[in-house]
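This is final07.cif. It holds mmCIF, N, CA and C atoms.
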data_model
loop_
_atom_site.label_atom_id
_atom_site.label_comp_id
_atom_site.auth_asym_id
_atom_site.auth_seq_id
_atom_site.Cartn_x
_atom_site.Cartn_y
_atom_site.Cartn_z
N VAL A 193 2.60 24.49 -8.62
CA VAL A 193 3.02 23.31 -7.87
C VAL A 193 2.06 23.12 -6.70
N GLN A 194 1.50 21.93 -6.64
CA GLN A 194 0.50 21.70 -5.60
C GLN A 194 0.58 20.27 -5.10
N LEU A 195 0.43 20.13 -3.78
CA LEU A 195 0.28 18.83 -3.17
C LEU A 195 -1.14 18.74 -2.66
N GLN A 196 -1.86 17.74 -3.11
CA GLN A 196 -3.26 17.58 -2.74
C GLN A 196 -3.40 16.37 -1.83
N ALA A 197 -3.75 16.62 -0.58
CA ALA A 197 -3.95 15.53 0.38
C ALA A 197 -5.42 15.17 0.43
N SER A 198 -5.69 13.90 0.60
CA SER A 198 -7.06 13.43 0.69
C SER A 198 -7.10 12.15 1.51
N GLY A 199 -8.32 11.72 1.83
CA GLY A 199 -8.50 10.45 2.53
C GLY A 199 -8.86 10.57 3.99
N GLY A 200 -8.86 11.79 4.51
CA GLY A 200 -9.23 11.96 5.90
C GLY A 200 -10.71 11.68 6.12
N GLY A 201 -11.08 11.57 7.37
CA GLY A 201 -12.48 11.32 7.70
C GLY A 201 -12.63 10.93 9.15
N LEU A 202 -13.80 10.44 9.45
CA LEU A 202 -14.14 10.00 10.81
C LEU A 202 -14.00 8.49 10.90
N VAL A 203 -13.29 8.04 11.92
CA VAL A 203 -13.09 6.60 12.11
C VAL A 203 -13.14 6.31 13.60
N GLN A 204 -13.59 5.13 13.94
CA GLN A 204 -13.59 4.72 15.34
C GLN A 204 -12.19 4.32 15.78
N ALA A 205 -11.95 4.47 17.07
CA ALA A 205 -10.67 4.02 17.61
C ALA A 205 -10.46 2.55 17.27
N GLY A 206 -9.24 2.25 16.86
CA GLY A 206 -8.93 0.90 16.43
C GLY A 206 -9.08 0.69 14.94
N GLY A 207 -9.68 1.65 14.28
CA GLY A 207 -9.91 1.54 12.84
C GLY A 207 -8.71 2.00 12.02
N SER A 208 -8.93 2.04 10.71
CA SER A 208 -7.85 2.36 9.78
C SER A 208 -8.29 3.40 8.76
N LEU A 209 -7.33 4.16 8.28
CA LEU A 209 -7.53 5.10 7.20
C LEU A 209 -6.26 5.14 6.37
N THR A 210 -6.41 5.45 5.10
CA THR A 210 -5.25 5.66 4.25
C THR A 210 -5.35 7.05 3.63
N LEU A 211 -4.34 7.85 3.87
CA LEU A 211 -4.26 9.18 3.30
C LEU A 211 -3.44 9.13 2.02
N SER A 212 -3.80 9.98 1.09
CA SER A 212 -3.06 10.10 -0.16
C SER A 212 -2.60 11.53 -0.35
N CYS A 213 -1.48 11.68 -1.03
CA CYS A 213 -0.94 13.00 -1.33
C CYS A 213 -0.45 12.96 -2.78
N THR A 214 -1.16 13.67 -3.64
CA THR A 214 -0.83 13.66 -5.06
C THR A 214 -0.29 15.02 -5.47
N ALA A 215 0.81 14.98 -6.20
CA ALA A 215 1.44 16.21 -6.65
C ALA A 215 0.99 16.56 -8.06
N SER A 216 0.86 17.83 -8.29
CA SER A 216 0.54 18.30 -9.63
C SER A 216 1.39 19.53 -9.92
N GLY A 217 1.70 19.71 -11.17
CA GLY A 217 2.49 20.86 -11.55
C GLY A 217 3.99 20.65 -11.36
N HIS A 218 4.35 19.55 -10.76
CA HIS A 218 5.76 19.27 -10.49
C HIS A 218 5.87 17.80 -10.13
N THR A 219 6.94 17.17 -10.55
CA THR A 219 7.14 15.80 -10.14
C THR A 219 8.03 15.76 -8.91
N PHE A 220 7.59 15.01 -7.92
CA PHE A 220 8.36 14.88 -6.69
C PHE A 220 8.99 13.50 -6.58
N SER A 221 9.12 12.83 -7.71
CA SER A 221 9.65 11.47 -7.67
C SER A 221 11.08 11.42 -7.17
N ASN A 222 11.78 12.54 -7.20
CA ASN A 222 13.16 12.58 -6.70
C ASN A 222 13.28 13.30 -5.37
N ASN A 223 12.17 13.64 -4.76
CA ASN A 223 12.17 14.33 -3.47
C ASN A 223 11.71 13.41 -2.35
N ALA A 224 12.37 13.52 -1.23
CA ALA A 224 11.84 12.87 -0.04
C ALA A 224 10.49 13.52 0.30
N MET A 225 9.60 12.71 0.82
CA MET A 225 8.27 13.23 1.18
C MET A 225 7.91 12.79 2.58
N GLY A 226 6.95 13.48 3.15
CA GLY A 226 6.60 13.15 4.52
C GLY A 226 5.19 13.58 4.88
N TRP A 227 4.82 13.24 6.09
CA TRP A 227 3.52 13.63 6.65
C TRP A 227 3.75 14.26 8.02
N PHE A 228 3.01 15.32 8.26
CA PHE A 228 2.97 15.97 9.55
C PHE A 228 1.52 16.01 10.00
N ARG A 229 1.31 16.34 11.26
CA ARG A 229 -0.05 16.52 11.74
C ARG A 229 -0.09 17.63 12.78
N GLN A 230 -1.26 18.23 12.89
CA GLN A 230 -1.44 19.29 13.86
C GLN A 230 -2.80 19.14 14.51
N ALA A 231 -2.80 18.90 15.80
CA ALA A 231 -4.04 18.82 16.57
C ALA A 231 -4.38 20.20 17.10
N PRO A 232 -5.64 20.45 17.43
CA PRO A 232 -6.04 21.76 17.95
C PRO A 232 -5.22 22.17 19.16
N GLY A 233 -4.69 23.36 19.13
CA GLY A 233 -3.93 23.88 20.25
C GLY A 233 -2.52 23.34 20.37
N LYS A 234 -2.10 22.55 19.41
CA LYS A 234 -0.76 21.97 19.45
C LYS A 234 0.04 22.39 18.23
N GLU A 235 1.35 22.22 18.34
CA GLU A 235 2.22 22.53 17.22
C GLU A 235 2.17 21.40 16.19
N ARG A 236 2.50 21.77 14.97
CA ARG A 236 2.59 20.76 13.92
C ARG A 236 3.75 19.83 14.26
N GLU A 237 3.51 18.53 14.10
CA GLU A 237 4.54 17.56 14.45
C GLU A 237 4.77 16.57 13.31
N PHE A 238 5.97 16.09 13.26
CA PHE A 238 6.37 15.11 12.27
C PHE A 238 5.69 13.77 12.55
N VAL A 239 5.29 13.10 11.48
CA VAL A 239 4.66 11.79 11.60
C VAL A 239 5.50 10.72 10.90
N ALA A 240 5.81 10.93 9.63
CA ALA A 240 6.53 9.91 8.87
C ALA A 240 7.20 10.55 7.66
N ALA A 241 8.25 9.90 7.18
CA ALA A 241 8.96 10.37 6.00
C ALA A 241 9.41 9.18 5.17
N ILE A 242 9.59 9.44 3.88
CA ILE A 242 10.03 8.39 2.98
C ILE A 242 11.01 8.99 1.97
N SER A 243 12.05 8.24 1.65
CA SER A 243 13.04 8.70 0.70
C SER A 243 12.46 8.69 -0.71
N TRP A 244 13.17 9.30 -1.65
CA TRP A 244 12.65 9.43 -3.00
C TRP A 244 12.39 8.05 -3.63
N SER A 245 13.22 7.08 -3.27
CA SER A 245 13.08 5.74 -3.86
C SER A 245 12.08 4.88 -3.11
N GLY A 246 11.73 5.31 -1.91
CA GLY A 246 10.88 4.47 -1.07
C GLY A 246 11.66 3.46 -0.26
N GLY A 247 12.97 3.47 -0.42
CA GLY A 247 13.79 2.47 0.26
C GLY A 247 14.03 2.75 1.72
N SER A 248 13.85 3.99 2.13
CA SER A 248 14.05 4.36 3.53
C SER A 248 12.81 5.06 4.05
N THR A 249 12.47 4.73 5.29
CA THR A 249 11.33 5.37 5.94
C THR A 249 11.71 5.73 7.38
N LEU A 250 11.05 6.75 7.88
CA LEU A 250 11.25 7.18 9.25
C LEU A 250 9.88 7.46 9.86
N TYR A 251 9.76 7.19 11.16
CA TYR A 251 8.49 7.40 11.83
C TYR A 251 8.69 8.06 13.19
N ALA A 252 7.70 8.83 13.59
CA ALA A 252 7.66 9.32 14.95
C ALA A 252 7.40 8.14 15.88
N ASP A 253 7.93 8.22 17.07
CA ASP A 253 7.75 7.12 18.03
C ASP A 253 6.27 6.83 18.28
N SER A 254 5.47 7.87 18.26
CA SER A 254 4.05 7.72 18.59
C SER A 254 3.26 6.93 17.56
N VAL A 255 3.80 6.78 16.35
CA VAL A 255 3.04 6.07 15.30
C VAL A 255 3.77 4.84 14.78
N ARG A 256 5.01 4.66 15.18
CA ARG A 256 5.78 3.53 14.66
C ARG A 256 5.08 2.22 14.99
N GLY A 257 4.98 1.36 13.98
CA GLY A 257 4.31 0.09 14.16
C GLY A 257 2.83 0.13 13.85
N ARG A 258 2.26 1.33 13.76
CA ARG A 258 0.83 1.47 13.44
C ARG A 258 0.61 2.15 12.08
N PHE A 259 1.51 3.04 11.73
CA PHE A 259 1.39 3.78 10.47
C PHE A 259 2.45 3.28 9.48
N THR A 260 2.10 3.34 8.21
CA THR A 260 3.03 2.95 7.15
C THR A 260 3.00 3.99 6.04
N ILE A 261 4.16 4.53 5.74
CA ILE A 261 4.26 5.49 4.64
C ILE A 261 4.79 4.76 3.41
N SER A 262 4.26 5.13 2.26
CA SER A 262 4.70 4.52 1.01
C SER A 262 4.53 5.55 -0.10
N ARG A 263 5.00 5.20 -1.28
CA ARG A 263 4.86 6.11 -2.40
C ARG A 263 4.83 5.33 -3.70
N ASP A 264 4.22 5.97 -4.69
CA ASP A 264 4.18 5.44 -6.06
C ASP A 264 4.64 6.58 -6.96
N ASN A 265 5.88 6.52 -7.37
CA ASN A 265 6.44 7.62 -8.15
C ASN A 265 5.82 7.72 -9.54
N TYR A 266 5.31 6.64 -10.05
CA TYR A 266 4.63 6.70 -11.35
C TYR A 266 3.35 7.52 -11.26
N LYS A 267 2.73 7.46 -10.09
CA LYS A 267 1.50 8.22 -9.87
C LYS A 267 1.76 9.55 -9.18
N ASN A 268 3.03 9.82 -8.88
CA ASN A 268 3.40 11.06 -8.19
C ASN A 268 2.60 11.22 -6.90
N THR A 269 2.46 10.12 -6.18
CA THR A 269 1.60 10.08 -5.00
C THR A 269 2.30 9.40 -3.84
N ALA A 270 2.10 9.96 -2.65
CA ALA A 270 2.56 9.34 -1.41
C ALA A 270 1.33 8.96 -0.59
N TYR A 271 1.51 7.95 0.25
CA TYR A 271 0.40 7.44 1.04
C TYR A 271 0.81 7.34 2.50
N LEU A 272 -0.20 7.38 3.36
CA LEU A 272 0.01 7.11 4.78
C LEU A 272 -1.11 6.19 5.22
N ARG A 273 -0.75 4.95 5.43
CA ARG A 273 -1.69 3.97 5.94
C ARG A 273 -1.66 4.04 7.45
N MET A 274 -2.83 4.26 8.06
CA MET A 274 -2.92 4.42 9.51
C MET A 274 -3.80 3.31 10.07
N ASP A 275 -3.22 2.46 10.87
CA ASP A 275 -3.93 1.37 11.51
C ASP A 275 -3.98 1.58 13.02
N SER A 276 -4.88 0.88 13.66
CA SER A 276 -5.01 0.95 15.13
C SER A 276 -5.07 2.39 15.61
N LEU A 277 -5.91 3.16 14.97
CA LEU A 277 -6.00 4.59 15.28
C LEU A 277 -6.48 4.81 16.70
N LYS A 278 -5.91 5.84 17.30
CA LYS A 278 -6.25 6.23 18.66
C LYS A 278 -6.85 7.63 18.64
N PRO A 279 -7.62 7.98 19.66
CA PRO A 279 -8.17 9.35 19.72
C PRO A 279 -7.08 10.41 19.63
N GLU A 280 -5.91 10.13 20.17
CA GLU A 280 -4.82 11.11 20.12
C GLU A 280 -4.21 11.26 18.74
N ASP A 281 -4.60 10.42 17.79
CA ASP A 281 -4.14 10.59 16.41
C ASP A 281 -4.99 11.62 15.65
N ALA A 282 -6.07 12.05 16.24
CA ALA A 282 -6.94 13.01 15.57
C ALA A 282 -6.20 14.33 15.34
N ALA A 283 -6.24 14.80 14.12
CA ALA A 283 -5.50 16.01 13.76
C ALA A 283 -5.75 16.32 12.29
N VAL A 284 -5.28 17.46 11.88
CA VAL A 284 -5.19 17.75 10.45
C VAL A 284 -3.84 17.22 9.99
N TYR A 285 -3.86 16.40 8.97
CA TYR A 285 -2.64 15.79 8.45
C TYR A 285 -2.21 16.52 7.18
N TYR A 286 -0.93 16.86 7.15
CA TYR A 286 -0.36 17.58 6.02
C TYR A 286 0.73 16.73 5.36
N CYS A 287 0.67 16.66 4.04
CA CYS A 287 1.79 16.03 3.35
C CYS A 287 2.80 17.10 3.00
N ALA A 288 4.01 16.66 2.78
CA ALA A 288 5.11 17.59 2.56
C ALA A 288 6.14 16.97 1.65
N ALA A 289 6.87 17.81 0.96
CA ALA A 289 7.97 17.35 0.12
C ALA A 289 9.22 18.17 0.45
N ALA A 290 10.35 17.51 0.36
CA ALA A 290 11.61 18.19 0.63
C ALA A 290 11.82 19.33 -0.36
N ARG A 291 12.56 20.30 0.10
CA ARG A 291 12.79 21.51 -0.70
C ARG A 291 13.50 21.21 -2.01
N ARG A 292 14.47 20.31 -1.95
CA ARG A 292 15.25 19.99 -3.15
C ARG A 292 15.32 18.49 -3.36
N ALA A 293 15.49 18.09 -4.59
CA ALA A 293 15.54 16.68 -4.92
C ALA A 293 16.69 15.97 -4.21
N GLU A 294 17.78 16.67 -3.97
CA GLU A 294 18.95 16.01 -3.37
C GLU A 294 18.91 15.99 -1.84
N ASP A 295 17.90 16.62 -1.26
CA ASP A 295 17.82 16.64 0.20
C ASP A 295 17.56 15.24 0.74
N PRO A 296 18.20 14.88 1.84
CA PRO A 296 18.01 13.54 2.40
C PRO A 296 16.66 13.40 3.09
N ILE A 297 16.31 12.20 3.42
CA ILE A 297 15.01 11.93 4.04
C ILE A 297 14.83 12.71 5.34
N VAL A 298 15.89 12.93 6.09
CA VAL A 298 15.77 13.63 7.36
C VAL A 298 15.34 15.09 7.16
N ALA A 299 15.47 15.59 5.95
CA ALA A 299 15.07 16.96 5.68
C ALA A 299 13.58 17.17 5.92
N VAL A 300 12.78 16.14 5.71
CA VAL A 300 11.33 16.29 5.89
C VAL A 300 10.88 15.82 7.26
N MET A 301 11.81 15.80 8.20
CA MET A 301 11.44 15.53 9.58
C MET A 301 11.15 16.83 10.33
N THR A 302 11.53 17.94 9.77
CA THR A 302 11.28 19.23 10.39
C THR A 302 10.65 20.18 9.37
N SER A 303 9.90 21.12 9.88
CA SER A 303 9.24 22.09 9.00
C SER A 303 10.25 22.88 8.18
N GLN A 304 11.42 23.10 8.76
CA GLN A 304 12.43 23.90 8.07
C GLN A 304 12.91 23.24 6.79
N GLY A 305 12.86 21.91 6.74
CA GLY A 305 13.34 21.20 5.57
C GLY A 305 12.29 21.00 4.50
N VAL A 306 11.07 21.37 4.82
CA VAL A 306 9.98 21.17 3.87
C VAL A 306 9.91 22.35 2.91
N GLY A 307 9.84 22.01 1.62
CA GLY A 307 9.73 23.06 0.62
C GLY A 307 8.32 23.21 0.08
N PHE A 308 7.53 22.16 0.20
CA PHE A 308 6.18 22.15 -0.35
C PHE A 308 5.23 21.50 0.65
N TRP A 309 4.09 22.14 0.87
CA TRP A 309 3.08 21.62 1.78
C TRP A 309 1.78 21.34 1.04
N GLY A 310 1.10 20.29 1.47
CA GLY A 310 -0.25 20.06 1.01
C GLY A 310 -1.21 20.87 1.87
N GLN A 311 -2.46 20.87 1.52
CA GLN A 311 -3.43 21.73 2.18
C GLN A 311 -4.00 21.13 3.46
N GLY A 312 -3.76 19.87 3.74
CA GLY A 312 -4.24 19.26 4.97
C GLY A 312 -5.53 18.50 4.78
N THR A 313 -5.65 17.40 5.50
CA THR A 313 -6.88 16.62 5.49
C THR A 313 -7.16 16.21 6.94
N LEU A 314 -8.41 16.34 7.34
CA LEU A 314 -8.79 16.17 8.74
C LEU A 314 -9.07 14.70 9.05
N VAL A 315 -8.45 14.23 10.11
CA VAL A 315 -8.69 12.89 10.62
C VAL A 315 -9.31 13.01 12.01
N THR A 316 -10.47 12.43 12.19
CA THR A 316 -11.17 12.45 13.46
C THR A 316 -11.31 11.01 13.94
N VAL A 317 -10.95 10.77 15.19
CA VAL A 317 -11.01 9.42 15.74
C VAL A 317 -11.92 9.45 16.95
N SER A 318 -12.98 8.69 16.88
CA SER A 318 -13.93 8.64 17.99
C SER A 318 -13.56 7.51 18.93
N SER A 319 -13.76 7.74 20.21
CA SER A 319 -13.41 6.72 21.22
C SER A 319 -14.58 5.82 21.52
#
Target encoding structure tokens, full file:
Amino acid sequence: VQLQASGGGLVQAGGSLTLSCTASGHTFSNNAMGWFRQAPGKEREFVAAISWSGGSTLYADSVRGRFTISRDNYKNTAYLRMDSLKPEDAAVYYCAAARRAEDPIVAVMTSQGVGFWGQGTLVTVSS
């Protein structure tokens, strides 16, 4: 079971990036999924979450209105569209899936509720 995150890179402040998280070895179409990030010297923090159907989403206050989480269950992939990027958004971004299919979306708001982690993709934002 593997979550593969991709799409990170270097972008200027104000720019956009879209991260992808593709699952292999297991289908997560019935699991809530989310994104976390960890900047150097800081703890990993919640960024966004999406329910298994895509009908519900949650965002950290710091990214609400700028980031959009979505998913395509046919492709077993979740996305994080990041617009109006700021230098403080620079971090390693990790995708995550809830431990169990029946877990609610709030389960992937904390590390304790995450059952599967992706390997991380680096986002660098230049000012």
Check what the PyMOL selection byres ((chain A and resi 265) around 8) selects in the file above and give those residues as a list in words.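 Going through the file, the PyMOL selection byres ((chain A and resi 265) around 8) ends up selecting Phe220, Ser221, Asn222, Trp244, Ser245, Ser262, Arg263, Asp264, Tyr266, Lys267, Asn268, Thr269 and Ala270 of chain A.
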Looking at A:Ala282, A:Tyr251, A:Ala288, A:Asp295, which one is nearest to A:Trp309, with distances taken over all atoms listed in the file?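 Answer, going by the shortest atom-to-atom distance: A:Ala288.
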Among chain A, which residues carry a DSSP assignment of helix (DSSP H, G or I), reported as JSON, numbers by chain? {"A": [279, 280, 281, 297, 298, 299, 300, 301, 303, 304, 305]}
Taking N, CA and C atoms for each residue, export the selection above as a PDB file, in the frame of the given file.
ATOM      1  N   PRO A 279      -7.620   7.980  19.660  1.00  0.00           N
ATOM      2  CA  PRO A 279      -8.170   9.350  19.720  1.00  0.00           C
ATOM      3  C   PRO A 279      -7.080  10.410  19.630  1.00  0.00           C
ATOM      4  N   GLU A 280      -5.910  10.130  20.170  1.00  0.00           N
ATOM      5  CA  GLU A 280      -4.820  11.110  20.120  1.00  0.00           C
ATOM      6  C   GLU A 280      -4.210  11.260  18.740  1.00  0.00           C
ATOM      7  N   ASP A 281      -4.600  10.420  17.790  1.00  0.00           N
ATOM      8  CA  ASP A 281      -4.140  10.590  16.410  1.00  0.00           C
ATOM      9  C   ASP A 281      -4.990  11.620  15.650  1.00  0.00           C
ATOM     10  N   ILE A 297      16.310  12.200   3.420  1.00  0.00           N
ATOM     11  CA  ILE A 297      15.010  11.930   4.040  1.00  0.00           C
ATOM     12  C   ILE A 297      14.830  12.710   5.340  1.00  0.00           C
ATOM     13  N   VAL A 298      15.890  12.930   6.090  1.00  0.00           N
ATOM     14  CA  VAL A 298      15.770  13.630   7.360  1.00  0.00           C
ATOM     15  C   VAL A 298      15.340  15.090   7.160  1.00  0.00           C
ATOM     16  N   ALA A 299      15.470  15.590   5.950  1.00  0.00           N
ATOM     17  CA  ALA A 299      15.070  16.960   5.680  1.00  0.00           C
ATOM     18  C   ALA A 299      13.580  17.170   5.920  1.00  0.00           C
ATOM     19  N   VAL A 300      12.780  16.140   5.710  1.00  0.00           N
ATOM     20  CA  VAL A 300      11.330  16.290   5.890  1.00  0.00           C
ATOM     21  C   VAL A 300      10.880  15.820   7.260  1.00  0.00           C
ATOM     22  N   MET A 301      11.810  15.800   8.200  1.00  0.00           N
ATOM     23  CA  MET A 301      11.440  15.530   9.580  1.00  0.00           C
ATOM     24  C   MET A 301      11.150  16.830  10.330  1.00  0.00           C
ATOM     25  N   SER A 303       9.900  21.120   9.880  1.00  0.00           N
ATOM     26  CA  SER A 303       9.240  22.090   9.000  1.00  0.00           C
ATOM     27  C   SER A 303      10.250  22.880   8.180  1.00  0.00           C
ATOM     28  N   GLN A 304      11.420  23.100   8.760  1.00  0.00           N
ATOM     29  CA  GLN A 304      12.430  23.900   8.070  1.00  0.00           C
ATOM     30  C   GLN A 304      12.910  23.240   6.790  1.00  0.00           C
ATOM     31  N   GLY A 305      12.860  21.910   6.740  1.00  0.00           N
ATOM     32  CA  GLY A 305      13.340  21.200   5.570  1.00  0.00           C
ATOM     33  C   GLY A 305      12.290  21.000   4.500  1.00  0.00           C
TER      34      GLY A 305
END
Coordinates-based distance that separates atom C of A:Ile261 from atom C of A:Ala283 (Å, one decimal):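 Between these atoms lies a distance of 18.0 Å.
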Would you give me, as an NGL selection string, the residues in stretch 193-312 of chain A that DSSP reads as strand (DSSP E)? :A and (194-198 or 201-204 or 209-216 or 225-230 or 237-242 or 249-251 or 259-264 or 269-274 or 283-290 or 306-309)
Report the centre and edge lengths, in Å to one decimal, of an axis-aligned box enclosing every atom of stretch 195-212 of chain A listed in the file, padded by 8 Å on each side, as AutoDock Vina command-line options.
--center_x -6.9 --center_y 10.4 --center_z 6.9 --size_x 30.6 --size_y 35.4 --size_z 37.4
Compile the contact shell of A:Glu237 as an MDAnalysis selection string: residues with an atom at most 8 Å away, counting all atoms listed in the file, same-chain residues fewer than 5 positions apart removed. chainID A and resid 227:231 252 301:303
Atom CA of A:Glu280 and atom CA of A:Ile242, how far apart in Å?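 That distance, rounded to one decimal, is 22.8 Å.
The space separating atom N of A:Ser208 from atom C of A:Ser319 comes to 12.8 Å.
This file, queried with the PyMOL selection byres ((chain A and resi 211) around 7), gives the residues Ala197, Ser198, Gly199, Gly200, Leu209, Thr210, Ser212, Cys213, Ala270, Tyr271, Leu272, Arg273 and Met274 of chain A.
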